[in-house]
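A short write-up of the structure that comes next.
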Amino acid sequence: MRLNYPPNVKIIKVPCTGKVDVIHLLHAFERGADGVYIAGCLEGDCHFLRGNLRARKRVEYTKRLLDEIGIGGERLQMYNMSAAQGPRFAEVAREMTERIMTLGPNPIRAKNREP
Amino acid sequence: MSDNNQRKIGSVMVIGGGIAGIQASLDLANSGYYVYLVEKSPSIGGVMPQLDKTFPTNDCSMCILSPKLVECGRHFNIEILTNTQVEEVRGEAGNMEVSLIRSPRFVDEDKCVGCGVCAEKCPVKVKDRFNEGLGERKAIYIQYPQAIPLVYQIDKDHCRYFIKGKCRICEKLCKNEAVNFEDTEKRYALKVGSIILAPGFELFDPQLKGEYGYGVYDNVVTSKQFERILSASGPSMGHLERPGDKKEPKKIGFIQCVGSRDLQAGKGYCSSVCCMYAIKEAVVAKEHSGEVEPTIFFMDIRAHGKGFDDYYKRAQEEYGVRFIRCMVSKIVEMPRTKNLRVTYINEEGKPVEEEFDMMVLSGGLTPSEDARALGKRLGIHLNQYGFCETSQFSPLSTSRPGIFVSGVFQGPKDIPETVAQASGSVACASGLLSESRGSMVKGKEYPLETEVKDISPRIGVFVCHCGINIGGVIDVPQVKGYAESLRDVVYAEEGLYVCSQDFQELMKKAISEHNLNRVVVASCSPRTHEPLFQETLRETGLNKYLFEMANIRDQCSWVHMRQKEDATKKAKALVRMAVENARLIQPLDELSLEIKNKALVIGGGLSGMTAALSLADQGYEVYLVEKEAKLGGALHDVYYTLEGDDVQSHLREIMKRVEANPSIHIFKDTMVVDFSGYKGNFETGLMVGPGMFYRKLEHGIVIVATGGEEYKPVGEYMYGEDERVMTQLELEKRIANGVPELSKIDSIVMIQCVGSRTEERPYCSRVCCSEAIKNSLKLKELNPKMHICILYRDIRSYGLMEEYYTLARKKGVKFIRYDLNSKPGVTVEDGALKVDIKDPALGEDLSLSPDLIVLSSAIIPKENDELATLLKVPRTQEGFFLEAHMKLRPVDFGTDGMYVCGLAHSPKLISECISQAYAASARASTILSQERIHVGGVVATVNGDLCAACLTCVRVCPYDVPVINEEGFAEINMAKCQGCGSCASECPAKAIDLQHFRDEQILAKCNALLEGVL
């Protein structure tokens, strides 16, 4: 479909969102990611039965952690979409990018820039 | 050996590349036969790629089909012959010669890499048939983006060069020189042992029903056009809009039975699927926009499949789809608004006019003209509608030995039945050719794998231009140069088409000359090309897991076309991530395990016996376990079919064949008491009667065929209180036994849906409507004057059975409808039976005084709780066994090596049980035909030293794989693990890692992605 979306979105492939660990998410923020989102199968349609539901729980948990440490849970988001929803994929990429633009850079990064 | 002492040929031709042909090809190729898959169009896929969603799960049609397409496309033992038609078949079963005609594609299949540059620049726009004429494509085209083979084709009728003699732009642009305007028609012949027909269907042409204005009014569309409108890949990119003016329609009407159940149109049959697809389309439209108000105009809602009635109910209650039982008499377009005024007679008999924004015609299924002509050329019998004629007891055999049939060409049916028949026809072909299994298949020898553990990584990076697809956006030489600078990269190269045959040779040379032990390709997408590159690695002696792909086309150049600099920057980042991951990837061993080539079939009814016989015919030993003292199950209570076949004599014959077959070991009076193992290696414990001795069996697969039975409706409609109230099977027994009083009976009332479609049992039992019609016709034979009244909710005489419904009405059987909230009342007055009912058509209360009342009682599963627990297989709420996937894996359980068929799966007809039993046998053969299975690869592994045996993984695993072993830590069986990684991310001690996606790797990718941002 070749639908345009912002190039700042880069993908790390996992076999199932159920594989995404809290550590992976926190690590990304620690290394300076401004935003992270997980794109999983539609709820009820998980290829591995319920991995996406587990991912959602972890995302919710990690959001709370991010809030606590001042990075902000809104930088992390879980989305559900099917392989046939190309337009939705592009829409989410844009939506998330816009959100992060409004939020500005990851505070860890901002701090680093200070002299 | 066959009669003429000639060895049978171990290859099979499958005609038709829709879902039936694809499934048949895969099952054949995976069980030791070489397959020629013949398809008349440029790519395989059939109708499924055009569909948006599938009922009753609303799965995306393309998403579930695509893995099968890809597997078919790259299978060693499937040769896809597109643009090809069968001309003639000579010879006999086992040895056939097929002559074929291949029409020219004008693009070389070996050279085209499917990059699509030609189509982008082609100046000619053509109405796109894939989008049912609603969109446009170019004169050089692929049918749809996921097409297999991914090779373009020139539409000669529209190509400017062919019409005007000038253009050839595509030829100039194609850097691979794949375009060949001199391509010609080719005729050739192939030898095969058997043929499977799966030519599919087409939709009834609604222009033949002029009153609906199709082709005249813009906003009257066919159901298939509506699928394309709903589809995200369709002409409106998934925006619900009507074709006339692109406005979003609010009121959408669906007209059922357009070209079905219509004697005037020469279609005396029901197309079986239109009710469900219309409901699905209505629901999906509603999901697109809450504003939509869908209305379905219907005669009977035929929701007779598994989970269908529930879906129908949800459509009404949750989505507010309006259902109106009536015939639409005409549609008139309003000249200004282009809206449609629909005239119909409502159920109270009053004419109503109503305006709609859009009308969808639910067209019936009909065999294509090509399929009919093919049938005639092959000399097989077709029925009056052009469907292939088969018998109730051999539903997959055509009239010509060695030629089998599956899918809609055999009669209208839905996708799961089509898939079951496709697998089933494979079992038939395989039963015929088993002596030649493995004789034609191509194997491949690979060099011994190079040891790379403990050797520092030497990475090669290959960056692809993909014509101009990547190179036109991304600065490929720059990316290549950047790759050379990365850690552990010892070689980098760029190529116009990295996937082309000559570049693959170059890659092999580079691997050996530079001692590469990891390979990164930066190109299109692993979805289509990873297996190809992995294959090249294997040919050079590298483990296939030592490969990593950077997706710089689908995830970069295609989607950042207008940001060239950013795209190049991103491509570098993606390459950096791939290289960092490649540094850490390890070769993975696939463990090879021996297979027990024996089958266990649980249940000795029709389905179990049919499966056992088919497995024995295919050359396997079978253990057949039956709980009762005799074989036959529920079939003992059925005497004849609707079509008039003698069931009991068939039962006697099949029982005799099973008992006499030396490969089938029968255990009667036997219970399954324990069960363990995994595909290829199961162990089952039995208590064998009558002495109840314990016996242990080892086997490679399990088929569950525990059957079902008629529900005894004690307490309903005075059943069990008055002996004049009986079930259909009880009546059938009396008819068959020639009880003389029957012919003296003056009047009978039959009540449908007793115990079905109720709160307690929400499903439709599928067979009761035809059962009632069958018994009525028998009674009418005994006494044509007998008054027979059938009280029904919807008559579900789907498929060709519709003809018998018509016949019954012609013979004077009366059909009176009732609603669930005004069920018939049965009482006894002065010793006489009395039935009170409210007729919704007339709005009157009726009182009938029959001599007999016959209840069309539900089909319920046989007691199976304990077995389900032992086998760890799921069941539906109603207690039927639940298959792995409603649509495409109808007889597989989610656990590999386990299958289900017959009434244990859901209520169904004899012929459908037989098809499913054959299907289970064919699916089983994909395992049993192997000597060894390879397990492992991307699976979770446990580090016992770190494991605290906390049971988290045991709870988390969706497949119940982890167990705590004798040494006290978690163990994950490689053969059972599906590789999702859920356990790895939940393990609190981090004792579990998912191979190939180890935490270390994901973190390294993360670091590479974010390099330099801090």
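Just remember, in the structure tokens the first chain shown is A, the second B, etc., residues are 1-based per chain, and ligands are 1-based in the order shown.
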
Residue list for chain A near chain B as a PyMOL selection string, 7 Å, only C-alpha atoms: chain A and resi 2-5+7+15-16+18-21+24+28+31-33+48-51+83-85+109+112

Just N, CA and C atoms for this one: save the residues we selected as a PDB file, in the first residue's frame.
```pdb
ATOM      1  N   ARG A   2       2.050   1.096   0.548  1.00  0.00           N
ATOM      2  CA  ARG A   2       3.049   2.163   0.517  1.00  0.00           C
ATOM      3  C   ARG A   2       2.513   3.473   1.104  1.00  0.00           C
ATOM      4  N   LEU A   3       1.796   3.387   2.202  1.00  0.00           N
ATOM      5  CA  LEU A   3       1.236   4.581   2.834  1.00  0.00           C
ATOM      6  C   LEU A   3       2.333   5.279   3.627  1.00  0.00           C
ATOM      7  N   ASN A   4       2.404   6.566   3.445  1.00  0.00           N
ATOM      8  CA  ASN A   4       3.465   7.308   4.086  1.00  0.00           C
ATOM      9  C   ASN A   4       3.268   7.412   5.593  1.00  0.00           C
ATOM     10  N   TYR A   5       4.342   7.215   6.345  1.00  0.00           N
ATOM     11  CA  TYR A   5       4.324   7.525   7.783  1.00  0.00           C
ATOM     12  C   TYR A   5       5.687   8.069   8.184  1.00  0.00           C
ATOM     13  N   PRO A   7       9.356   8.805   9.300  1.00  0.00           N
ATOM     14  CA  PRO A   7      10.506   7.894   9.328  1.00  0.00           C
ATOM     15  C   PRO A   7      11.133   7.726  10.710  1.00  0.00           C
ATOM     16  N   PRO A  15       8.149 -12.274  17.767  1.00  0.00           N
ATOM     17  CA  PRO A  15       7.197 -13.255  17.220  1.00  0.00           C
ATOM     18  C   PRO A  15       5.770 -12.998  17.673  1.00  0.00           C
ATOM     19  N   CYS A  16       5.646 -12.391  18.865  1.00  0.00           N
ATOM     20  CA  CYS A  16       4.321 -12.143  19.441  1.00  0.00           C
ATOM     21  C   CYS A  16       4.512 -11.025  20.440  1.00  0.00           C
ATOM     22  N   GLY A  18       3.402 -10.889  23.165  1.00  0.00           N
ATOM     23  CA  GLY A  18       3.586 -11.587  24.435  1.00  0.00           C
ATOM     24  C   GLY A  18       5.056 -11.716  24.806  1.00  0.00           C
ATOM     25  N   LYS A  19       5.939 -11.551  23.842  1.00  0.00           N
ATOM     26  CA  LYS A  19       7.379 -11.651  24.085  1.00  0.00           C
ATOM     27  C   LYS A  19       7.951 -10.345  24.615  1.00  0.00           C
ATOM     28  N   VAL A  20       7.209  -9.256  24.469  1.00  0.00           N
ATOM     29  CA  VAL A  20       7.750  -7.959  24.882  1.00  0.00           C
ATOM     30  C   VAL A  20       7.776  -7.866  26.400  1.00  0.00           C
ATOM     31  N   ASP A  21       8.962  -7.619  26.918  1.00  0.00           N
ATOM     32  CA  ASP A  21       9.196  -7.630  28.348  1.00  0.00           C
ATOM     33  C   ASP A  21       9.229  -6.199  28.871  1.00  0.00           C
ATOM     34  N   HIS A  24      12.535  -4.663  28.257  1.00  0.00           N
ATOM     35  CA  HIS A  24      12.795  -4.124  26.925  1.00  0.00           C
ATOM     36  C   HIS A  24      12.282  -2.693  26.823  1.00  0.00           C
ATOM     37  N   ALA A  28      14.590   0.791  26.453  1.00  0.00           N
ATOM     38  CA  ALA A  28      14.468   1.728  25.335  1.00  0.00           C
ATOM     39  C   ALA A  28      14.419   3.164  25.846  1.00  0.00           C
ATOM     40  N   ARG A  31      17.711   4.318  27.148  1.00  0.00           N
ATOM     41  CA  ARG A  31      18.654   4.651  26.084  1.00  0.00           C
ATOM     42  C   ARG A  31      18.237   5.880  25.286  1.00  0.00           C
ATOM     43  N   GLY A  32      17.161   6.490  25.714  1.00  0.00           N
ATOM     44  CA  GLY A  32      16.819   7.774  25.103  1.00  0.00           C
ATOM     45  C   GLY A  32      15.654   7.776  24.126  1.00  0.00           C
ATOM     46  N   ALA A  33      14.922   6.678  24.007  1.00  0.00           N
ATOM     47  CA  ALA A  33      13.761   6.693  23.120  1.00  0.00           C
ATOM     48  C   ALA A  33      12.751   7.712  23.632  1.00  0.00           C
ATOM     49  N   PHE A  48      -1.070 -16.283  18.849  1.00  0.00           N
ATOM     50  CA  PHE A  48      -0.666 -17.216  19.908  1.00  0.00           C
ATOM     51  C   PHE A  48      -1.674 -17.175  21.060  1.00  0.00           C
ATOM     52  N   LEU A  49      -2.896 -17.071  20.738  1.00  0.00           N
ATOM     53  CA  LEU A  49      -4.056 -17.125  21.635  1.00  0.00           C
ATOM     54  C   LEU A  49      -4.232 -15.901  22.533  1.00  0.00           C
ATOM     55  N   ARG A  50      -3.245 -15.596  23.425  1.00  0.00           N
ATOM     56  CA  ARG A  50      -3.504 -14.466  24.314  1.00  0.00           C
ATOM     57  C   ARG A  50      -2.272 -13.640  24.637  1.00  0.00           C
ATOM     58  N   GLY A  51      -1.244 -13.707  23.815  1.00  0.00           N
ATOM     59  CA  GLY A  51      -0.020 -12.943  24.048  1.00  0.00           C
ATOM     60  C   GLY A  51      -0.282 -11.455  24.109  1.00  0.00           C
ATOM     61  N   ALA A  83      -3.233  -7.534  10.327  1.00  0.00           N
ATOM     62  CA  ALA A  83      -2.265  -7.439   9.241  1.00  0.00           C
ATOM     63  C   ALA A  83      -2.875  -6.790   8.003  1.00  0.00           C
ATOM     64  N   ALA A  84      -4.198  -6.711   7.952  1.00  0.00           N
ATOM     65  CA  ALA A  84      -4.836  -6.140   6.769  1.00  0.00           C
ATOM     66  C   ALA A  84      -5.104  -4.651   6.939  1.00  0.00           C
ATOM     67  N   GLN A  85      -4.744  -4.112   8.111  1.00  0.00           N
ATOM     68  CA  GLN A  85      -5.100  -2.715   8.373  1.00  0.00           C
ATOM     69  C   GLN A  85      -3.931  -1.764   8.112  1.00  0.00           C
ATOM     70  N   ARG A 109      17.028  12.485  27.922  1.00  0.00           N
ATOM     71  CA  ARG A 109      17.772  13.087  26.833  1.00  0.00           C
ATOM     72  C   ARG A 109      17.968  14.582  27.104  1.00  0.00           C
ATOM     73  N   ASN A 112      20.612  15.199  29.567  1.00  0.00           N
ATOM     74  CA  ASN A 112      21.931  14.956  28.995  1.00  0.00           C
ATOM     75  C   ASN A 112      22.480  16.169  28.252  1.00  0.00           C
TER      76      ASN A 112
END
```

In stretch 187-418 of chain B, DSSP strand (DSSP E or B) residues written as a ChimeraX atom specification: /B:187-192,194-197,202-203,214,217,220-222,251-258,262,267,293-298,322-325,328-333,340-345,351-356,358-363,365-366,382,388,397,403-405

Nearest-residue call for B:Glu347, choices B:Asp839, B:Met440, B:Asp502, B:Leu537, using only C-alpha atoms: B:Asp839

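With only C-alpha atoms as the atoms that count, the residue of B:His934, B:Lys306, B:Arg923, B:His665 with the shortest distance to B:Leu28 is B:Arg923.
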
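For the atom pair formed by atom CA of B:Ile169 and atom CA of B:Cys122, the distance is 6.7 Å, given to one decimal.
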
Selection near A:Gly73, 6 Å with only C-alpha atoms, sequence-local residues under 5 positions removed, as a PyMOL selection string: chain A and resi 63+66-67

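Pairwise distance (atom CA of B:Phe55, atom CA of B:Glu227) equals 12.5 Å.
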
Those of chain A in DSSP helix (DSSP H, G or I), formatted as an MDAnalysis selection string: chainID A and resid 17:19 22:30 51:68 73:75 86:103 107:113

Emit the selected residues as a short mmCIF file (atom, residue, chain, number, x, y, z; two decimals), in the first residue's frame, including C-alpha atoms.
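selection_11.cif, written as the output of this step:
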```cif
data_model
loop_
_atom_site.label_atom_id
_atom_site.label_comp_id
_atom_site.auth_asym_id
_atom_site.auth_seq_id
_atom_site.Cartn_x
_atom_site.Cartn_y
_atom_site.Cartn_z
CA THR A 17 3.69 -9.08 21.59
CA GLY A 18 3.59 -11.59 24.44
CA LYS A 19 7.38 -11.65 24.08
CA VAL A 22 8.97 -4.71 30.76
CA ILE A 23 12.76 -4.67 30.68
CA HIS A 24 12.79 -4.12 26.92
CA LEU A 25 10.47 -1.17 27.26
CA LEU A 26 12.36 0.44 30.13
CA HIS A 27 15.66 -0.18 28.40
CA ALA A 28 14.47 1.73 25.33
CA PHE A 29 13.55 4.74 27.45
CA GLU A 30 16.81 4.50 29.37
CA GLY A 51 -0.02 -12.94 24.05
CA ASN A 52 -1.45 -9.53 23.19
CA LEU A 53 -3.51 -9.48 26.38
CA ARG A 54 -0.39 -10.17 28.41
CA ALA A 55 1.42 -7.42 26.55
CA ARG A 56 -1.37 -4.98 27.37
CA LYS A 57 -1.03 -5.75 31.07
CA ARG A 58 2.71 -5.22 30.93
CA VAL A 59 2.29 -1.97 29.06
CA GLU A 60 -0.15 -0.73 31.70
CA TYR A 61 2.27 -1.72 34.44
CA THR A 62 5.22 -0.07 32.68
CA LYS A 63 3.18 3.10 32.13
CA ARG A 64 2.78 3.39 35.89
CA LEU A 65 6.52 2.88 36.40
CA LEU A 66 7.27 5.56 33.80
CA ASP A 67 4.91 7.94 35.57
CA GLU A 68 6.65 7.29 38.85
CA GLY A 73 3.47 6.83 30.92
CA GLU A 74 1.93 8.59 27.93
CA ARG A 75 5.17 7.96 26.02
CA GLY A 86 -2.33 -0.90 6.53
CA PRO A 87 -4.05 2.48 6.77
CA ARG A 88 -4.51 2.01 10.50
CA PHE A 89 -0.81 1.21 10.88
CA ALA A 90 0.16 4.45 9.18
CA GLU A 91 -2.43 6.37 11.18
CA VAL A 92 -1.05 5.01 14.46
CA ALA A 93 2.50 5.89 13.42
CA ARG A 94 1.41 9.45 12.77
CA GLU A 95 -0.73 9.66 15.89
CA MET A 96 2.08 8.43 18.14
CA THR A 97 4.64 10.72 16.48
CA GLU A 98 2.38 13.73 16.95
CA ARG A 99 1.84 12.84 20.58
CA ILE A 100 5.58 12.56 21.20
CA MET A 101 6.22 15.83 19.35
CA THR A 102 3.85 17.56 21.75
CA LEU A 103 5.45 15.92 24.75
CA PRO A 107 13.58 13.87 29.92
CA ILE A 108 16.66 11.66 30.13
CA ARG A 109 17.77 13.09 26.83
CA ALA A 110 16.93 16.63 27.81
CA LYS A 111 18.98 16.28 30.96
CA ASN A 112 21.93 14.96 29.00
CA ARG A 113 21.95 18.04 26.82
#
```

Nearest candidate to B:Asp218 (options B:Gly259, B:Met359, B:Glu732, B:Gly200; using only C-alpha atoms):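 When distances to B:Asp218 are compared using only C-alpha atoms, the smallest one comes from B:Met359.
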
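The spacing separating atom CA of B:Thr540 from atom CA of B:Glu594 amounts to 27.0 Å.
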